[in-house]
Amino acid sequence: MGLKGRTGIPLRHFRELLVNSQPTAQAAARALRGAVRTALPAAAESLHGGTNTGMALYHVSGKVVCGIQPGASATLLYIHGVTQADASEGLTLRGRGPDDRHLRFTSVNEVRDQADQVRKLLLLAARR
């Protein structure tokens with residue numbers, strides 16, 4: 001099976017990341033994209049993978065700061081260079097990787113409720 005068979009159609013636009021996601025996950029992904037663009041207006045966006053397993057990565061000064069990965073029913077926001085110790089109380093970062101953690105969002109309301117905390121983590125990640 002070639003790359004296209006594993007990842008789906010190669011991505012050209014952010015909206016193509018959302019084709020296999022439920023409407024609530026799509027809305028969360030769009031809200032997260034807005035939050036990233038607001039917190040990091042100079043960040044460049046690049047799309048990787050395809051419609052089945054794609055991700056939007058955001059770079060500041062050539063360094064990946066975060067990524068948005070929509071799934072079927074939830075959207076993950078990966079934030080590079082942060083740990084649970086950096087997170088506000090009540091915000092649980094998931095993942096075991098040495099360089100990144102993620103937050104899971106199932107609705108735009110969750111994104112709105114955690115917007116300030118997410119912004120702080122994005123700015124911290126961009127400075128590191």
# chains A, B, ... in the order shown; residues from 1 in each chain; ligands from 1
$ select_by_dssp --residues "chain A" --states "strand (DSSP E)" --output "JSON list (two decimals) with N, CA, C and O atoms, in the first residue's frame"
[["chain", "number", "residue", "atom", "x", "y", "z"],
["A", 44, "ALA", "N", 3.81, 30.32, 10.85],
["A", 44, "ALA", "CA", 3.53, 29.78, 9.52],
["A", 44, "ALA", "C", 2.83, 28.43, 9.69],
["A", 44, "ALA", "O", 3.18, 27.65, 10.57],
["A", 45, "GLU", "N", 1.85, 28.16, 8.83],
["A", 45, "GLU", "CA", 1.10, 26.91, 8.88],
["A", 45, "GLU", "C", 1.58, 25.99, 7.76],
["A", 45, "GLU", "O", 1.74, 26.43, 6.63],
["A", 46, "SER", "N", 1.81, 24.73, 8.09],
["A", 46, "SER", "CA", 2.12, 23.72, 7.06],
["A", 46, "SER", "C", 1.26, 22.50, 7.32],
["A", 46, "SER", "O", 0.96, 22.16, 8.46],
["A", 47, "LEU", "N", 0.83, 21.87, 6.23],
["A", 47, "LEU", "CA", -0.06, 20.71, 6.32],
["A", 47, "LEU", "C", 0.72, 19.45, 6.00],
["A", 47, "LEU", "O", 1.53, 19.43, 5.06],
["A", 48, "HIS", "N", 0.49, 18.40, 6.78],
["A", 48, "HIS", "CA", 1.22, 17.15, 6.62],
["A", 48, "HIS", "C", 0.24, 15.98, 6.64],
["A", 48, "HIS", "O", -0.77, 16.03, 7.32],
["A", 55, "MET", "N", -2.32, 16.57, 9.73],
["A", 55, "MET", "CA", -2.05, 17.50, 10.83],
["A", 55, "MET", "C", -1.59, 18.83, 10.25],
["A", 55, "MET", "O", -0.88, 18.87, 9.26],
["A", 56, "ALA", "N", -2.01, 19.90, 10.91],
["A", 56, "ALA", "CA", -1.49, 21.23, 10.61],
["A", 56, "ALA", "C", -0.45, 21.57, 11.66],
["A", 56, "ALA", "O", -0.72, 21.46, 12.86],
["A", 57, "LEU", "N", 0.75, 21.92, 11.21],
["A", 57, "LEU", "CA", 1.82, 22.32, 12.13],
["A", 57, "LEU", "C", 2.03, 23.82, 12.02],
["A", 57, "LEU", "O", 1.89, 24.40, 10.94],
["A", 58, "TYR", "N", 2.39, 24.44, 13.15],
["A", 58, "TYR", "CA", 2.60, 25.87, 13.20],
["A", 58, "TYR", "C", 4.02, 26.14, 13.66],
["A", 58, "TYR", "O", 4.45, 25.64, 14.71],
["A", 59, "HIS", "N", 4.75, 26.93, 12.86],
["A", 59, "HIS", "CA", 6.17, 27.18, 13.06],
["A", 59, "HIS", "C", 6.39, 28.66, 13.37],
["A", 59, "HIS", "O", 5.80, 29.52, 12.73],
["A", 60, "VAL", "N", 7.27, 28.93, 14.32],
["A", 60, "VAL", "CA", 7.70, 30.28, 14.62],
["A", 60, "VAL", "C", 9.22, 30.28, 14.51],
["A", 60, "VAL", "O", 9.89, 29.48, 15.17],
["A", 63, "LYS", "N", 10.81, 26.92, 14.00],
["A", 63, "LYS", "CA", 10.64, 25.90, 15.03],
["A", 63, "LYS", "C", 9.16, 25.54, 15.17],
["A", 63, "LYS", "O", 8.31, 26.42, 15.28],
["A", 64, "VAL", "N", 8.86, 24.25, 15.19],
["A", 64, "VAL", "CA", 7.48, 23.81, 15.39],
["A", 64, "VAL", "C", 7.07, 24.13, 16.82],
["A", 64, "VAL", "O", 7.75, 23.74, 17.77],
["A", 65, "VAL", "N", 5.96, 24.84, 16.96],
["A", 65, "VAL", "CA", 5.44, 25.21, 18.27],
["A", 65, "VAL", "C", 4.26, 24.33, 18.65],
["A", 65, "VAL", "O", 4.13, 23.91, 19.79],
["A", 66, "CYS", "N", 3.39, 24.05, 17.66],
["A", 66, "CYS", "CA", 2.21, 23.26, 17.96],
["A", 66, "CYS", "C", 1.66, 22.63, 16.69],
["A", 66, "CYS", "O", 2.10, 22.94, 15.58],
["A", 67, "GLY", "N", 0.68, 21.74, 16.89],
["A", 67, "GLY", "CA", 0.01, 21.09, 15.77],
["A", 67, "GLY", "C", -1.43, 20.80, 16.12],
["A", 67, "GLY", "O", -1.76, 20.56, 17.29],
["A", 68, "ILE", "N", -2.27, 20.84, 15.11],
["A", 68, "ILE", "CA", -3.69, 20.53, 15.26],
["A", 68, "ILE", "C", -3.98, 19.28, 14.45],
["A", 68, "ILE", "O", -3.69, 19.23, 13.25],
["A", 69, "GLN", "N", -4.56, 18.27, 15.11],
["A", 69, "GLN", "CA", -4.88, 17.01, 14.44],
["A", 69, "GLN", "C", -6.35, 16.66, 14.70],
["A", 69, "GLN", "O", -6.69, 16.15, 15.76],
["A", 70, "PRO", "N", -7.21, 16.95, 13.72],
["A", 70, "PRO", "CA", -8.62, 16.56, 13.88],
["A", 70, "PRO", "C", -8.78, 15.05, 13.75],
["A", 70, "PRO", "O", -8.13, 14.41, 12.93],
["A", 75, "THR", "N", -10.55, 16.68, 18.48],
["A", 75, "THR", "CA", -9.38, 17.31, 17.86],
["A", 75, "THR", "C", -8.30, 17.43, 18.91],
["A", 75, "THR", "O", -8.56, 17.85, 20.04],
["A", 76, "LEU", "N", -7.08, 17.07, 18.53],
["A", 76, "LEU", "CA", -5.94, 17.17, 19.44],
["A", 76, "LEU", "C", -5.13, 18.40, 19.10],
["A", 76, "LEU", "O", -4.89, 18.70, 17.93],
["A", 77, "LEU", "N", -4.70, 19.10, 20.14],
["A", 77, "LEU", "CA", -3.76, 20.22, 20.00],
["A", 77, "LEU", "C", -2.47, 19.78, 20.66],
["A", 77, "LEU", "O", -2.41, 19.60, 21.88],
["A", 78, "TYR", "N", -1.43, 19.58, 19.84],
["A", 78, "TYR", "CA", -0.11, 19.23, 20.35],
["A", 78, "TYR", "C", 0.65, 20.53, 20.61],
["A", 78, "TYR", "O", 0.65, 21.43, 19.77],
["A", 79, "ILE", "N", 1.28, 20.62, 21.77],
["A", 79, "ILE", "CA", 2.07, 21.80, 22.09],
["A", 79, "ILE", "C", 3.48, 21.31, 22.43],
["A", 79, "ILE", "O", 3.66, 20.52, 23.36],
["A", 80, "HIS", "N", 4.45, 21.76, 21.67],
["A", 80, "HIS", "CA", 5.83, 21.28, 21.81],
["A", 80, "HIS", "C", 6.57, 22.06, 22.89],
["A", 80, "HIS", "O", 6.41, 23.26, 23.03],
["A", 100, "ASP", "N", 6.60, 16.98, 23.48],
["A", 100, "ASP", "CA", 5.29, 17.56, 23.26],
["A", 100, "ASP", "C", 4.23, 16.85, 24.08],
["A", 100, "ASP", "O", 4.36, 15.70, 24.46],
["A", 101, "ARG", "N", 3.20, 17.60, 24.36],
["A", 101, "ARG", "CA", 2.01, 17.09, 25.05],
["A", 101, "ARG", "C", 0.81, 17.53, 24.24],
["A", 101, "ARG", "O", 0.91, 18.41, 23.39],
["A", 102, "HIS", "N", -0.33, 16.94, 24.53],
["A", 102, "HIS", "CA", -1.52, 17.36, 23.78],
["A", 102, "HIS", "C", -2.72, 17.52, 24.69],
["A", 102, "HIS", "O", -2.78, 16.98, 25.78],
["A", 103, "LEU", "N", -3.64, 18.31, 24.18],
["A", 103, "LEU", "CA", -4.94, 18.52, 24.80],
["A", 103, "LEU", "C", -5.98, 17.98, 23.84],
["A", 103, "LEU", "O", -5.83, 18.08, 22.62],
["A", 104, "ARG", "N", -7.05, 17.43, 24.38],
["A", 104, "ARG", "CA", -8.12, 16.82, 23.56],
["A", 104, "ARG", "C", -9.37, 17.69, 23.70],
["A", 104, "ARG", "O", -9.80, 17.99, 24.81],
["A", 105, "PHE", "N", -9.93, 18.07, 22.56],
["A", 105, "PHE", "CA", -11.13, 18.91, 22.53],
["A", 105, "PHE", "C", -12.22, 18.22, 21.71],
["A", 105, "PHE", "O", -11.95, 17.75, 20.60]]
$ residues_around --residues "range 24-28 of chain A" --least-positions-apart "2" --cutoff "10 Å" --atoms "only C-alpha atoms" --output "PyMOL selection string"
chain A and resi 15+17-22+30-34+68-77+104-112
$ closest_residue --among "A:Arg96, A:Arg128, A:Gly50, A:Lys120" --to "Arg12 in chain A" --atoms "only C-alpha atoms"
A:Gly50
$ residues_around --residues "Ser61 in chain A" --least-positions-apart "5" --cutoff "10 Å" --atoms "only C-alpha atoms" --output "PyMOL selection string"
chain A and resi 42-44+126
$ write_last_selection --atoms "N, CA and C atoms" --output "CSV table (one decimal), in the first residue's frame"
chain,number,residue,atom,x,y,z
A,42,ALA,N,2.5,35.5,13.9
A,42,ALA,CA,3.6,35.3,12.9
A,42,ALA,C,3.9,33.9,12.5
A,43,ALA,N,3.1,32.9,13.1
A,43,ALA,CA,3.3,31.5,12.9
A,43,ALA,C,3.0,31.1,11.4
A,44,ALA,N,3.8,30.3,10.9
A,44,ALA,CA,3.5,29.8,9.5
A,44,ALA,C,2.8,28.4,9.7
A,126,ALA,N,6.5,28.9,22.3
A,126,ALA,CA,7.1,29.8,21.3
A,126,ALA,C,8.4,30.4,21.8
$ residues_around --residues "Val82 in chain A" --least-positions-apart "4" --cutoff "8 Å" --atoms "only C-alpha atoms" --output "list in words"
Asp86, Asp99, Asp100, Arg101, Leu121, Leu124 and Ala125 of chain A
$ atom_distance --atom1 "CA of Leu123 in chain A" --atom2 "CA of Ser88 in chain A"
13.7 Å
